[in-house]
Amino acid sequence: MPYSNAAHTLETETTTHAARVASRFCGPPGSGNGGYTVGMVGKRLGQEVEVTLKRPIPVDETMHVVADPAGVAALLHTDTEIASARVVELDLDIPEAISFSEAAAARANYPGYKAHPFPNCYVCGTNRCCGDGMCLFTGNIGEGVVASSWVPTAEFVAEEGIVAPEFICAALDCPGAWALIDRYGIEGQIVLGRMTYRLSKPIYAGERYAVMGWALGREGRKTFCGTAVYDAEGEVCAAAAATWFQIG
């Protein structure tokens, strides 16, 4: 079944939408989670979008997403551009799925239990519990490959039981970082710089999914990875390619 949520189709005229990232949806301290922000901006353009994060994301502040029918958008805070977006096609080789039970077992190996650069991160922070965060705790299943089980809850739903793009892109975010940490032994902090994602099938609250992240390469302080969400039949519901930057 294709992703057909009408609320997330391409705009037909230039529009401006108020946007806000609550402090609850943080990544680094005092900054919005990168994946959540990617989905918040990208949903104004469609299901296959590239979003570039240019600055730390203000929390609890009024921002605006300006979307153009040419397939570009920007996230603005006063006169400052926080992120830009454009419609592109995702070019990514996606591994075969693993089962939900295999992904659930991998959670026991999550390295964030021992040390975490951002323990309050909404997606993968160990200071968060279910109901307060997404608790996507990805453990190693191969060299530079990590996975976690995921059962979205009702709070992630936009309409008709379908999980909103903000939370899907959040799920596609942090697993990639942990794959990079696993593969390259990165110490210190890395932050999301760019994500190109594709939403292929609706994701529903209460259903079982496997989330996977895998390392793709490294150039100095810049690293590359892929992530995907698979349903119980092993089909890809969403996937992304991302660029991360080491900042500390």
# chains A, B, ... in the order shown; residues from 1 in each chain; ligands from 1

call {"tool": "select_by_dssp", "arguments": {"residues": "region 80-214 of chain A", "states": "helix (DSSP H, G or I)", "output": "number ranges by chain"}}
result
A: 100-109, 111-113, 154-156, 165-171, 174-184

call {"tool": "write_last_selection", "arguments": {"atoms": "N, CA and C atoms", "output": "short mmCIF file (atom, residue, chain, number, x, y, z; two decimals), in the first residue's frame"}}
result
data_model
loop_
_atom_site.label_atom_id
_atom_site.label_comp_id
_atom_site.auth_asym_id
_atom_site.auth_seq_id
_atom_site.Cartn_x
_atom_site.Cartn_y
_atom_site.Cartn_z
N PHE A 100 11.14 -8.88 13.83
CA PHE A 100 10.86 -8.07 15.01
C PHE A 100 11.57 -8.64 16.23
N SER A 101 11.53 -9.97 16.39
CA SER A 101 12.16 -10.59 17.56
C SER A 101 13.67 -10.40 17.54
N GLU A 102 14.30 -10.46 16.36
CA GLU A 102 15.73 -10.21 16.27
C GLU A 102 16.06 -8.76 16.63
N ALA A 103 15.22 -7.85 16.15
CA ALA A 103 15.43 -6.44 16.47
C ALA A 103 15.23 -6.18 17.96
N ALA A 104 14.25 -6.85 18.55
CA ALA A 104 14.00 -6.69 19.99
C ALA A 104 15.17 -7.22 20.80
N ALA A 105 15.75 -8.33 20.37
CA ALA A 105 16.89 -8.91 21.09
C ALA A 105 18.11 -7.99 21.02
N ALA A 106 18.25 -7.26 19.92
CA ALA A 106 19.41 -6.38 19.75
C ALA A 106 19.41 -5.24 20.77
N ARG A 107 18.26 -4.88 21.28
CA ARG A 107 18.16 -3.78 22.24
C ARG A 107 19.02 -4.02 23.47
N ALA A 108 19.23 -5.28 23.83
CA ALA A 108 20.03 -5.59 25.02
C ALA A 108 21.48 -5.15 24.87
N ASN A 109 21.92 -4.98 23.62
CA ASN A 109 23.32 -4.61 23.35
C ASN A 109 23.50 -3.11 23.11
N PRO A 111 24.69 0.34 23.22
CA PRO A 111 25.84 0.94 23.92
C PRO A 111 25.49 2.17 24.72
N GLY A 112 24.36 2.79 24.41
CA GLY A 112 23.93 3.97 25.15
C GLY A 112 23.63 3.69 26.61
N TYR A 113 23.41 2.41 26.96
CA TYR A 113 23.21 2.08 28.37
C TYR A 113 24.46 2.40 29.19
N ALA A 154 -0.01 5.68 20.41
CA ALA A 154 -1.05 6.55 19.86
C ALA A 154 -0.61 8.01 19.82
N GLU A 155 0.31 8.41 20.68
CA GLU A 155 0.73 9.82 20.69
C GLU A 155 1.44 10.23 19.40
N PHE A 156 1.93 9.25 18.63
CA PHE A 156 2.65 9.55 17.40
C PHE A 156 1.71 9.73 16.21
N PRO A 165 4.82 12.16 10.03
CA PRO A 165 6.18 12.19 9.47
C PRO A 165 7.25 12.62 10.47
N GLU A 166 6.91 13.53 11.41
CA GLU A 166 7.90 13.96 12.40
C GLU A 166 8.48 12.77 13.16
N PHE A 167 7.60 11.84 13.54
CA PHE A 167 8.05 10.71 14.34
C PHE A 167 8.69 9.62 13.50
N ILE A 168 8.24 9.48 12.25
CA ILE A 168 8.90 8.53 11.36
C ILE A 168 10.33 8.97 11.09
N CYS A 169 10.51 10.24 10.79
CA CYS A 169 11.87 10.75 10.53
C CYS A 169 12.71 10.73 11.79
N ALA A 170 12.09 10.92 12.95
CA ALA A 170 12.82 10.77 14.20
C ALA A 170 13.33 9.34 14.36
N ALA A 171 12.48 8.37 13.99
CA ALA A 171 12.90 6.97 14.06
C ALA A 171 14.01 6.65 13.08
N CYS A 174 18.35 8.70 14.89
CA CYS A 174 19.38 8.23 15.82
C CYS A 174 19.95 6.84 15.51
N PRO A 175 19.18 5.88 14.99
CA PRO A 175 19.80 4.59 14.67
C PRO A 175 21.00 4.72 13.73
N GLY A 176 20.97 5.70 12.83
CA GLY A 176 22.12 5.91 11.96
C GLY A 176 23.34 6.36 12.72
N ALA A 177 23.15 7.24 13.70
CA ALA A 177 24.27 7.70 14.50
C ALA A 177 24.93 6.56 15.26
N TRP A 178 24.11 5.68 15.82
CA TRP A 178 24.67 4.56 16.58
C TRP A 178 25.37 3.55 15.67
N ALA A 179 24.92 3.42 14.43
CA ALA A 179 25.64 2.58 13.47
C ALA A 179 27.02 3.16 13.18
N LEU A 180 27.09 4.48 13.06
CA LEU A 180 28.37 5.14 12.81
C LEU A 180 29.30 5.02 14.01
N ILE A 181 28.76 5.18 15.19
CA ILE A 181 29.56 5.02 16.41
C ILE A 181 30.09 3.59 16.49
N ASP A 182 29.24 2.63 16.16
CA ASP A 182 29.65 1.22 16.19
C ASP A 182 30.75 0.93 15.18
N ARG A 183 30.61 1.47 13.98
CA ARG A 183 31.55 1.16 12.90
C ARG A 183 32.89 1.88 13.05
N TYR A 184 32.84 3.15 13.46
CA TYR A 184 34.05 3.96 13.43
C TYR A 184 34.59 4.32 14.82
#

call {"tool": "select_by_dssp", "arguments": {"residues": "region 5-247 of chain A", "states": "strand (DSSP E or B)", "output": "JSON, numbers by chain"}}
result
{"A": [15, 16, 17, 18, 19, 26, 32, 48, 49, 50, 51, 52, 53, 63, 64, 65, 66, 67, 68, 72, 73, 74, 75, 76, 77, 80, 81, 82, 83, 84, 85, 86, 87, 130, 133, 139, 140, 141, 142, 145, 146, 147, 148, 149, 150, 157, 158, 159, 162, 163, 190, 191, 192, 193, 194, 195, 196, 197, 198, 199, 204, 209, 210, 211, 212, 213, 214, 215, 216, 217, 218, 219, 222, 223, 224, 225, 226, 227, 228, 229, 230, 236, 237, 238, 239, 240, 241, 242, 243, 244, 245, 246]}

call {"tool": "closest_residue", "arguments": {"among": "A:His64, A:Val211, A:Ala22, A:Glu96", "to": "Gly139 (chain A)", "atoms": "only C-alpha atoms"}}
result
A:Val211

call {"tool": "closest_residue", "arguments": {"among": "A:Ala215, A:Ile162, A:Val87, A:Cys129", "to": "Gly185 (chain A)", "atoms": "only C-alpha atoms"}}
result
A:Ala215

call {"tool": "atom_distance", "arguments": {"atom1": "CA of Val163 (chain A)", "atom2": "CA of Val191 (chain A)"}}
result
24.2 Å

call {"tool": "closest_residue", "arguments": {"among": "A:Gly42, A:Gly161, A:Gly144, A:Pro202", "to": "Arg218 (chain A)", "atoms": "only C-alpha atoms"}}
result
A:Gly144

call {"tool": "atom_distance", "arguments": {"atom1": "CA of Cys124 (chain A)", "atom2": "CA of Val66 (chain A)"}}
result
29.4 Å

call {"tool": "residues_around", "arguments": {"residues": "Val123 (chain A)", "least_positions_apart": "3", "cutoff": "6 Å", "atoms": "only C-alpha atoms", "output": "ChimeraX atom specification"}}
result
/A:133-136

call {"tool": "write_last_selection", "arguments": {"atoms": "N, CA and C atoms", "output": "mmCIF file, in the first residue's frame"}}
result
data_model
loop_
_atom_site.group_PDB
_atom_site.id
_atom_site.type_symbol
_atom_site.label_atom_id
_atom_site.label_comp_id
_atom_site.auth_asym_id
_atom_site.auth_seq_id
_atom_site.Cartn_x
_atom_site.Cartn_y
_atom_site.Cartn_z
ATOM 1 N N GLY A 133 9.606 9.264 25.869
ATOM 2 C CA GLY A 133 10.483 9.279 24.703
ATOM 3 C C GLY A 133 10.179 8.090 23.821
ATOM 4 N N MET A 134 10.890 7.989 22.696
ATOM 5 C CA MET A 134 10.638 6.908 21.751
ATOM 6 C C MET A 134 11.348 5.616 22.145
ATOM 7 N N CYS A 135 12.411 5.739 22.942
ATOM 8 C CA CYS A 135 13.132 4.563 23.459
ATOM 9 C C CYS A 135 13.584 3.617 22.348
ATOM 10 N N LEU A 136 14.140 4.195 21.281
ATOM 11 C CA LEU A 136 14.717 3.381 20.211
ATOM 12 C C LEU A 136 16.171 3.082 20.580
#

call {"tool": "decode", "arguments": {"residues": "region 132-187 of chain A", "atoms": "C-alpha atoms", "output": "PDB file, in the first residue's frame"}}
result
ATOM      1  CA  ASP A 132       8.225  10.199  27.649  1.00  0.00           C
ATOM      2  CA  GLY A 133      10.483   9.279  24.703  1.00  0.00           C
ATOM      3  CA  MET A 134      10.638   6.908  21.751  1.00  0.00           C
ATOM      4  CA  CYS A 135      13.132   4.563  23.459  1.00  0.00           C
ATOM      5  CA  LEU A 136      14.717   3.381  20.211  1.00  0.00           C
ATOM      6  CA  PHE A 137      17.655   1.568  21.757  1.00  0.00           C
ATOM      7  CA  THR A 138      19.635   0.073  18.866  1.00  0.00           C
ATOM      8  CA  GLY A 139      22.120  -2.738  19.443  1.00  0.00           C
ATOM      9  CA  ASN A 140      24.732  -4.251  17.149  1.00  0.00           C
ATOM     10  CA  ILE A 141      23.682  -6.989  14.699  1.00  0.00           C
ATOM     11  CA  GLY A 142      26.762  -6.799  12.440  1.00  0.00           C
ATOM     12  CA  GLU A 143      29.764  -4.608  11.726  1.00  0.00           C
ATOM     13  CA  GLY A 144      28.410  -1.074  11.599  1.00  0.00           C
ATOM     14  CA  VAL A 145      24.811  -2.322  11.626  1.00  0.00           C
ATOM     15  CA  VAL A 146      22.364  -1.777  14.495  1.00  0.00           C
ATOM     16  CA  ALA A 147      18.685  -2.500  15.064  1.00  0.00           C
ATOM     17  CA  SER A 148      15.813  -1.998  17.481  1.00  0.00           C
ATOM     18  CA  SER A 149      12.210  -3.065  17.723  1.00  0.00           C
ATOM     19  CA  TRP A 150       9.557  -0.341  17.627  1.00  0.00           C
ATOM     20  CA  VAL A 151       5.855  -0.343  18.450  1.00  0.00           C
ATOM     21  CA  PRO A 152       4.586   3.229  17.862  1.00  0.00           C
ATOM     22  CA  THR A 153       2.089   4.494  20.407  1.00  0.00           C
ATOM     23  CA  ALA A 154      -1.052   6.553  19.863  1.00  0.00           C
ATOM     24  CA  GLU A 155       0.731   9.819  20.687  1.00  0.00           C
ATOM     25  CA  PHE A 156       2.649   9.550  17.399  1.00  0.00           C
ATOM     26  CA  VAL A 157      -0.522   9.434  15.286  1.00  0.00           C
ATOM     27  CA  ALA A 158      -1.488  12.256  12.915  1.00  0.00           C
ATOM     28  CA  GLU A 159      -4.783  10.851  11.602  1.00  0.00           C
ATOM     29  CA  GLU A 160      -6.493   7.531  10.904  1.00  0.00           C
ATOM     30  CA  GLY A 161      -3.945   5.702  13.037  1.00  0.00           C
ATOM     31  CA  ILE A 162      -1.058   6.759  10.770  1.00  0.00           C
ATOM     32  CA  VAL A 163       2.161   7.845  12.466  1.00  0.00           C
ATOM     33  CA  ALA A 164       3.100  11.457  11.617  1.00  0.00           C
ATOM     34  CA  PRO A 165       6.184  12.190   9.470  1.00  0.00           C
ATOM     35  CA  GLU A 166       7.897  13.960  12.397  1.00  0.00           C
ATOM     36  CA  PHE A 167       8.052  10.707  14.345  1.00  0.00           C
ATOM     37  CA  ILE A 168       8.896   8.529  11.360  1.00  0.00           C
ATOM     38  CA  CYS A 169      11.865  10.747  10.526  1.00  0.00           C
ATOM     39  CA  ALA A 170      12.822  10.772  14.204  1.00  0.00           C
ATOM     40  CA  ALA A 171      12.899   6.966  14.064  1.00  0.00           C
ATOM     41  CA  LEU A 172      15.131   7.219  10.980  1.00  0.00           C
ATOM     42  CA  ASP A 173      17.510   9.582  12.787  1.00  0.00           C
ATOM     43  CA  CYS A 174      19.377   8.229  15.820  1.00  0.00           C
ATOM     44  CA  PRO A 175      19.804   4.591  14.669  1.00  0.00           C
ATOM     45  CA  GLY A 176      22.117   5.915  11.958  1.00  0.00           C
ATOM     46  CA  ALA A 177      24.271   7.705  14.501  1.00  0.00           C
ATOM     47  CA  TRP A 178      24.673   4.558  16.577  1.00  0.00           C
ATOM     48  CA  ALA A 179      25.637   2.581  13.471  1.00  0.00           C
ATOM     49  CA  LEU A 180      28.368   5.145  12.808  1.00  0.00           C
ATOM     50  CA  ILE A 181      29.561   5.020  16.406  1.00  0.00           C
ATOM     51  CA  ASP A 182      29.649   1.218  16.192  1.00  0.00           C
ATOM     52  CA  ARG A 183      31.554   1.156  12.896  1.00  0.00           C
ATOM     53  CA  TYR A 184      34.054   3.959  13.434  1.00  0.00           C
ATOM     54  CA  GLY A 185      34.411   4.111  17.200  1.00  0.00           C
ATOM     55  CA  ILE A 186      33.470   7.788  17.187  1.00  0.00           C
ATOM     56  CA  GLU A 187      34.058   9.496  20.499  1.00  0.00           C
TER      57      GLU A 187
END
